[in-house]
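Chemist: This is the structure I want to talk about, given as structure tokens.
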Number of protein chains: 2
Amino acid sequence: MTRWLDDDEQRAWLRLAGVMLKLSPALDSQLQRDHDLTHFDYLCLAMLSESDDRTLAMSDLAARTNASLSRLSHVVSKLERRGCVHRTPSPRSRRVTLVGLTDEGWRLLVAAAPGHVETVRSLVFEGLTREDVAALERVAGHIVDRIEESRLRTTGRDSLSG
Amino acid sequence: MTRWLDDDEQRAWLRLAGVMLKLSPALDSQLQRDHDLTHFDYLCLAMLSESDDRTLAMSDLAARTNASLSRLSHVVSKLERRGCVHRTPSPRSRRVTLVGLTDEGWRLLVAAAPGHVETVRSLVFEGLTREDVAALERVAGHIVDRIEESRLRTTGRDSLSG
DNA sequence: ACCAGACACTTGATCCTTCAACCGTTGGCG
DNA sequence: CGCCAACGGTTGAAGGATCAAGTGTCTGGT
């Protein structure tokens, strides 16, 4: 019935699980210690900083940070209390709310970026060849795409395939 | 000052972050829905099932699941309440506690394994070449190793390097 | 014009994870 | 022997993520 993983796949899977289990905490821990930020907080600020007017709709920001709207909403509330971000109702449509990076948020991002990038470099990229980096991009992209597809497959239609 | 990421690295990093952000929840969600298990719960049961006597010391299990002792302790308590696992003081040393998989835990694992493996296969391995799998193992292993090293570097000695 | 359903979000409860503090045990050293 | 630092593990509180349910808005069909 079940097609189990062969030895190569099993080893690769164990390692990938290791990355998920260890890398997130490692990034969180550095950012938390140095700037009282989660890695996800940082990602939100970073994505906003790269957008026109440093502003995005909640949905767009959620898509770019790979997060659920619910998760994002909680985090934006937190960042808003901290003065890093502000919500505005969109003039285009009354159901979208725009999130904008404040000067305070920009300053925090600028302060946090070097340490974070240094951590990423030293934990991930240091010692990788250009081919490794290319392979990483390819495989990681493949996985993200497959997850995206499967989400569409299960939320899109439920009644087919029976 | 800071050595920023070049374009290739940045794209690869964005994708890897995407994997961490999306894959864990995807695995959790399937296991949660079908068997009321976290991916981490599952990993604990799986690691125990592959050990002699289906038993490990807390520290060993923590190492194999890439978890902190604290996290593991909470989870083992939960699995214990559920009857999947039991704690025993070790006869060898009074400070280690042994965790053993119960028959109930074994049954749960056997029931959950096919669906979980199917999910992993379809989200990760389907469509990857053998070279991709090898690259994944190599790169992921590299990252885990670097994190391990850096942990030793910062917890081992604090007073040196000044 | 109307209504059903989808969309864009928000909220509160619940659960999971982390953090700091703690306890008893053990190994090493004077 | 007696001390102390490190080890192995547990706990409770605090913060983060998820889930289910809710609000208000927009759209498409009739």
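Please note that chains go A, B, ... in the order of the structure tokens, that every chain numbers its residues from 1, and that ligands are numbered from 1 in the order shown.
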Please report, as a list of chain:residue names, each residue of region 67-130 of chain B to which DSSP assigns strand (DSSP E) when run on this structure's backbone.

Modeler: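 In region 67-130 of chain B, DSSP puts these residues in strand (DSSP E): B:Val85, B:His86, B:Arg87, B:Thr88, B:Pro89, B:Thr97, B:Leu98, B:Val99, B:Gly100, B:Leu101.
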
Chemist: May I have the residues of chain B within 6 Å of chain A, counting only C-alpha atoms, written as a list in words?

Modeler: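 Result, ordered by chain then number: Thr2, Ala12, Arg15, Leu16, Val19, Met20, Pro114, Leu123, Val124, Glu137, Ala140, Gly141, Ile143, Val144, Arg146 and Ile147 of chain B.
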
Chemist: Print the selection's residues with C-alpha atoms to a file, as a PDB file, in the first residue's frame.

Modeler:
```
ATOM      1  CA  THR B   2      27.938  43.673   6.966  1.00  0.00           C
ATOM      2  CA  ALA B  12      17.492  30.769  -1.891  1.00  0.00           C
ATOM      3  CA  ARG B  15      12.554  29.951  -0.368  1.00  0.00           C
ATOM      4  CA  LEU B  16      14.114  28.181   2.607  1.00  0.00           C
ATOM      5  CA  VAL B  19       9.754  25.914   3.673  1.00  0.00           C
ATOM      6  CA  MET B  20      10.115  26.496   7.392  1.00  0.00           C
ATOM      7  CA  PRO B 114       1.104   5.691   6.306  1.00  0.00           C
ATOM      8  CA  LEU B 123       4.947  17.555  -0.395  1.00  0.00           C
ATOM      9  CA  VAL B 124       8.693  16.974  -0.514  1.00  0.00           C
ATOM     10  CA  GLU B 137      20.627  15.778   2.321  1.00  0.00           C
ATOM     11  CA  ALA B 140      20.359  20.318   5.121  1.00  0.00           C
ATOM     12  CA  GLY B 141      23.060  18.332   6.895  1.00  0.00           C
ATOM     13  CA  ILE B 143      22.991  23.649   8.051  1.00  0.00           C
ATOM     14  CA  VAL B 144      22.204  21.394  10.996  1.00  0.00           C
ATOM     15  CA  ARG B 146      26.604  24.645  11.517  1.00  0.00           C
ATOM     16  CA  ILE B 147      23.848  25.272  14.059  1.00  0.00           C
TER      17      ILE B 147
END
```

Chemist: Pick out the chain B residues within 9 Å of chain C. Count only C-alpha atoms (C1' of nucleotides). Give them as a PyMOL selection string.

Modeler: chain B and resi 70-71+93-95

Chemist: Would you kindly return, as a tab-separated table (two decimals) with N, CA, C and O atoms, in the first residue's frame, each protein, DNA or RNA residue with an atom no farther than 8 Å from any atom of Ala112 (chain B), considering only C-alpha atoms (C1' of nucleotides) and excluding same-chain residues fewer than 6 positions away?

Modeler:
```tsv
chain	number	residue	atom	x	y	z
B	31	LEU	N	-1.42	15.58	10.51
B	31	LEU	CA	-1.36	14.66	11.65
B	31	LEU	C	-2.41	15.03	12.71
B	31	LEU	O	-3.02	14.16	13.35
B	34	ASP	N	-5.92	13.94	11.42
B	34	ASP	CA	-6.17	12.51	11.31
B	34	ASP	C	-5.90	11.72	12.59
B	34	ASP	O	-6.48	10.66	12.80
B	35	HIS	N	-5.01	12.23	13.44
B	35	HIS	CA	-4.64	11.43	14.61
B	35	HIS	C	-4.40	12.24	15.88
B	35	HIS	O	-3.87	11.71	16.86
```

Chemist: May I ask which of the residues B:Asp36, B:Leu109, B:Ser29, B:Ser90 is the closest one to DT18 (chain D), counting only C-alpha atoms (C1' of nucleotides)?

Modeler: B:Ser29

Chemist: Distance C1' of DC7 (chain D)-CA of Glu50 (chain B), one decimal place?

Modeler: 25.8 Å

Chemist: Could you tell me which residues of chain D sit within 9 Å of chain A when counting only C-alpha atoms (C1' of nucleotides), and give me the result as a list of chain:residue names?

Modeler: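 For chain D, the answer reads D:DA17, D:DT18, D:DG24, D:DT25, D:DC26.
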
Chemist: What's the 12 Å shell around Val76 (chain A), counting only C-alpha atoms (C1' of nucleotides), without same-chain residues fewer than 6 positions away, as a ChimeraX atom specification?

Modeler: /A:40-45,48,56-58,61-62,67,69-70,82-87,97-101,105 /C:10

Chemist: Now that the selection is made, can you save its residues with N, CA, C and O atoms (P, O5', C5', C4', C3', O3' and C1' of nucleotides) as a short mmCIF file (atom, residue, chain, number, x, y, z; two decimals), in the first residue's frame?

Modeler:
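What follows is the written file part-v4.cif:
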```
data_model
loop_
_atom_site.label_atom_id
_atom_site.label_comp_id
_atom_site.auth_asym_id
_atom_site.auth_seq_id
_atom_site.Cartn_x
_atom_site.Cartn_y
_atom_site.Cartn_z
N PHE A 40 9.61 35.98 12.47
CA PHE A 40 8.44 36.35 11.67
C PHE A 40 8.16 37.85 11.75
O PHE A 40 7.81 38.48 10.74
N ASP A 41 8.31 38.44 12.92
CA ASP A 41 8.21 39.89 13.05
C ASP A 41 9.15 40.56 12.06
O ASP A 41 8.77 41.46 11.30
N TYR A 42 10.39 40.10 12.06
CA TYR A 42 11.41 40.66 11.20
C TYR A 42 11.00 40.57 9.74
O TYR A 42 11.12 41.53 8.97
N LEU A 43 10.52 39.39 9.35
CA LEU A 43 10.09 39.18 7.98
C LEU A 43 9.02 40.19 7.57
O LEU A 43 9.06 40.74 6.48
N CYS A 44 8.08 40.44 8.46
CA CYS A 44 7.02 41.41 8.17
C CYS A 44 7.62 42.78 7.91
O CYS A 44 7.30 43.42 6.89
N LEU A 45 8.47 43.23 8.81
CA LEU A 45 9.10 44.54 8.63
C LEU A 45 9.88 44.58 7.33
O LEU A 45 9.81 45.55 6.56
N LEU A 48 7.61 44.76 4.24
CA LEU A 48 7.03 46.11 4.12
C LEU A 48 8.06 47.10 3.59
O LEU A 48 7.76 47.92 2.73
N LEU A 56 1.53 47.64 2.50
CA LEU A 56 0.91 46.50 1.82
C LEU A 56 -0.45 46.21 2.44
O LEU A 56 -0.68 46.53 3.62
N ALA A 57 -1.33 45.61 1.66
CA ALA A 57 -2.57 45.08 2.22
C ALA A 57 -2.23 43.86 3.07
O ALA A 57 -1.26 43.16 2.80
N MET A 58 -3.05 43.64 4.09
CA MET A 58 -2.84 42.49 4.96
C MET A 58 -2.67 41.21 4.14
O MET A 58 -1.75 40.43 4.38
N LEU A 61 0.70 41.04 2.40
CA LEU A 61 1.77 40.79 3.36
C LEU A 61 1.74 39.34 3.83
O LEU A 61 2.78 38.69 3.97
N ALA A 62 0.52 38.84 4.05
CA ALA A 62 0.39 37.45 4.46
C ALA A 62 0.96 36.50 3.41
O ALA A 62 1.68 35.56 3.73
N ALA A 67 2.20 33.38 5.65
CA ALA A 67 1.47 33.23 6.91
C ALA A 67 -0.03 33.24 6.69
O ALA A 67 -0.52 33.72 5.67
N LEU A 69 -3.73 34.70 7.56
CA LEU A 69 -4.20 36.05 7.87
C LEU A 69 -4.35 36.22 9.37
O LEU A 69 -4.06 37.29 9.94
N SER A 70 -4.77 35.16 10.02
CA SER A 70 -4.97 35.22 11.46
C SER A 70 -3.66 35.48 12.18
O SER A 70 -3.55 36.39 13.03
N ARG A 82 3.63 48.54 19.41
CA ARG A 82 5.02 48.93 19.61
C ARG A 82 5.41 50.12 18.75
O ARG A 82 6.54 50.61 18.82
N GLY A 83 4.51 50.56 17.90
CA GLY A 83 4.76 51.75 17.10
C GLY A 83 5.57 51.51 15.85
O GLY A 83 6.08 52.46 15.25
N CYS A 84 5.73 50.27 15.43
CA CYS A 84 6.56 49.97 14.27
C CYS A 84 5.76 49.98 12.97
O CYS A 84 6.35 49.96 11.89
N VAL A 85 4.45 50.03 13.09
CA VAL A 85 3.60 49.75 11.95
C VAL A 85 2.26 50.43 12.23
O VAL A 85 1.93 50.69 13.38
N HIS A 86 1.53 50.80 11.21
CA HIS A 86 0.20 51.37 11.44
C HIS A 86 -0.79 50.85 10.43
O HIS A 86 -0.44 50.59 9.28
N ARG A 87 -2.04 50.70 10.85
CA ARG A 87 -3.09 50.22 9.96
C ARG A 87 -3.88 51.39 9.41
O ARG A 87 -4.13 52.36 10.12
N THR A 97 -7.40 46.30 4.65
CA THR A 97 -6.69 47.27 5.49
C THR A 97 -5.23 47.24 5.11
O THR A 97 -4.63 46.19 4.92
N LEU A 98 -4.69 48.44 5.00
CA LEU A 98 -3.30 48.62 4.60
C LEU A 98 -2.41 48.69 5.84
O LEU A 98 -2.76 49.32 6.83
N VAL A 99 -1.27 48.03 5.76
CA VAL A 99 -0.29 48.12 6.84
C VAL A 99 0.90 48.90 6.32
O VAL A 99 1.43 48.59 5.25
N GLY A 100 1.34 49.91 7.07
CA GLY A 100 2.49 50.70 6.65
C GLY A 100 3.58 50.67 7.70
O GLY A 100 3.30 50.61 8.90
N LEU A 101 4.81 50.70 7.24
CA LEU A 101 5.96 50.74 8.13
C LEU A 101 6.15 52.17 8.63
O LEU A 101 6.19 53.11 7.84
N GLY A 105 9.54 51.77 12.93
CA GLY A 105 9.71 50.41 12.41
C GLY A 105 10.90 50.31 11.48
O GLY A 105 11.68 49.34 11.54
P DT C 10 -7.18 43.31 10.60
"O5'" DT C 10 -8.21 42.66 11.63
"C5'" DT C 10 -9.51 43.21 11.76
"C4'" DT C 10 -10.24 42.53 12.89
"C3'" DT C 10 -9.45 42.40 14.19
"O3'" DT C 10 -10.25 43.00 15.20
"C1'" DT C 10 -10.42 40.31 13.56
#
```

Chemist: Give me every helix (DSSP H, G or I) residue in region 24-129 of chain A, going by DSSP on the backbone, as a PyMOL selection string.

Modeler: chain A and resi 24-35+39-49+52-54+58-64+69-81+103-125

Chemist: Would you compute the distance between CA of Thr154 (chain B) and CA of Arg107 (chain A)? Give it in Å to one decimal.

Modeler: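 Spanning CA of Thr154 (chain B) to CA of Arg107 (chain A) is a straight-line distance of 28.0 Å.
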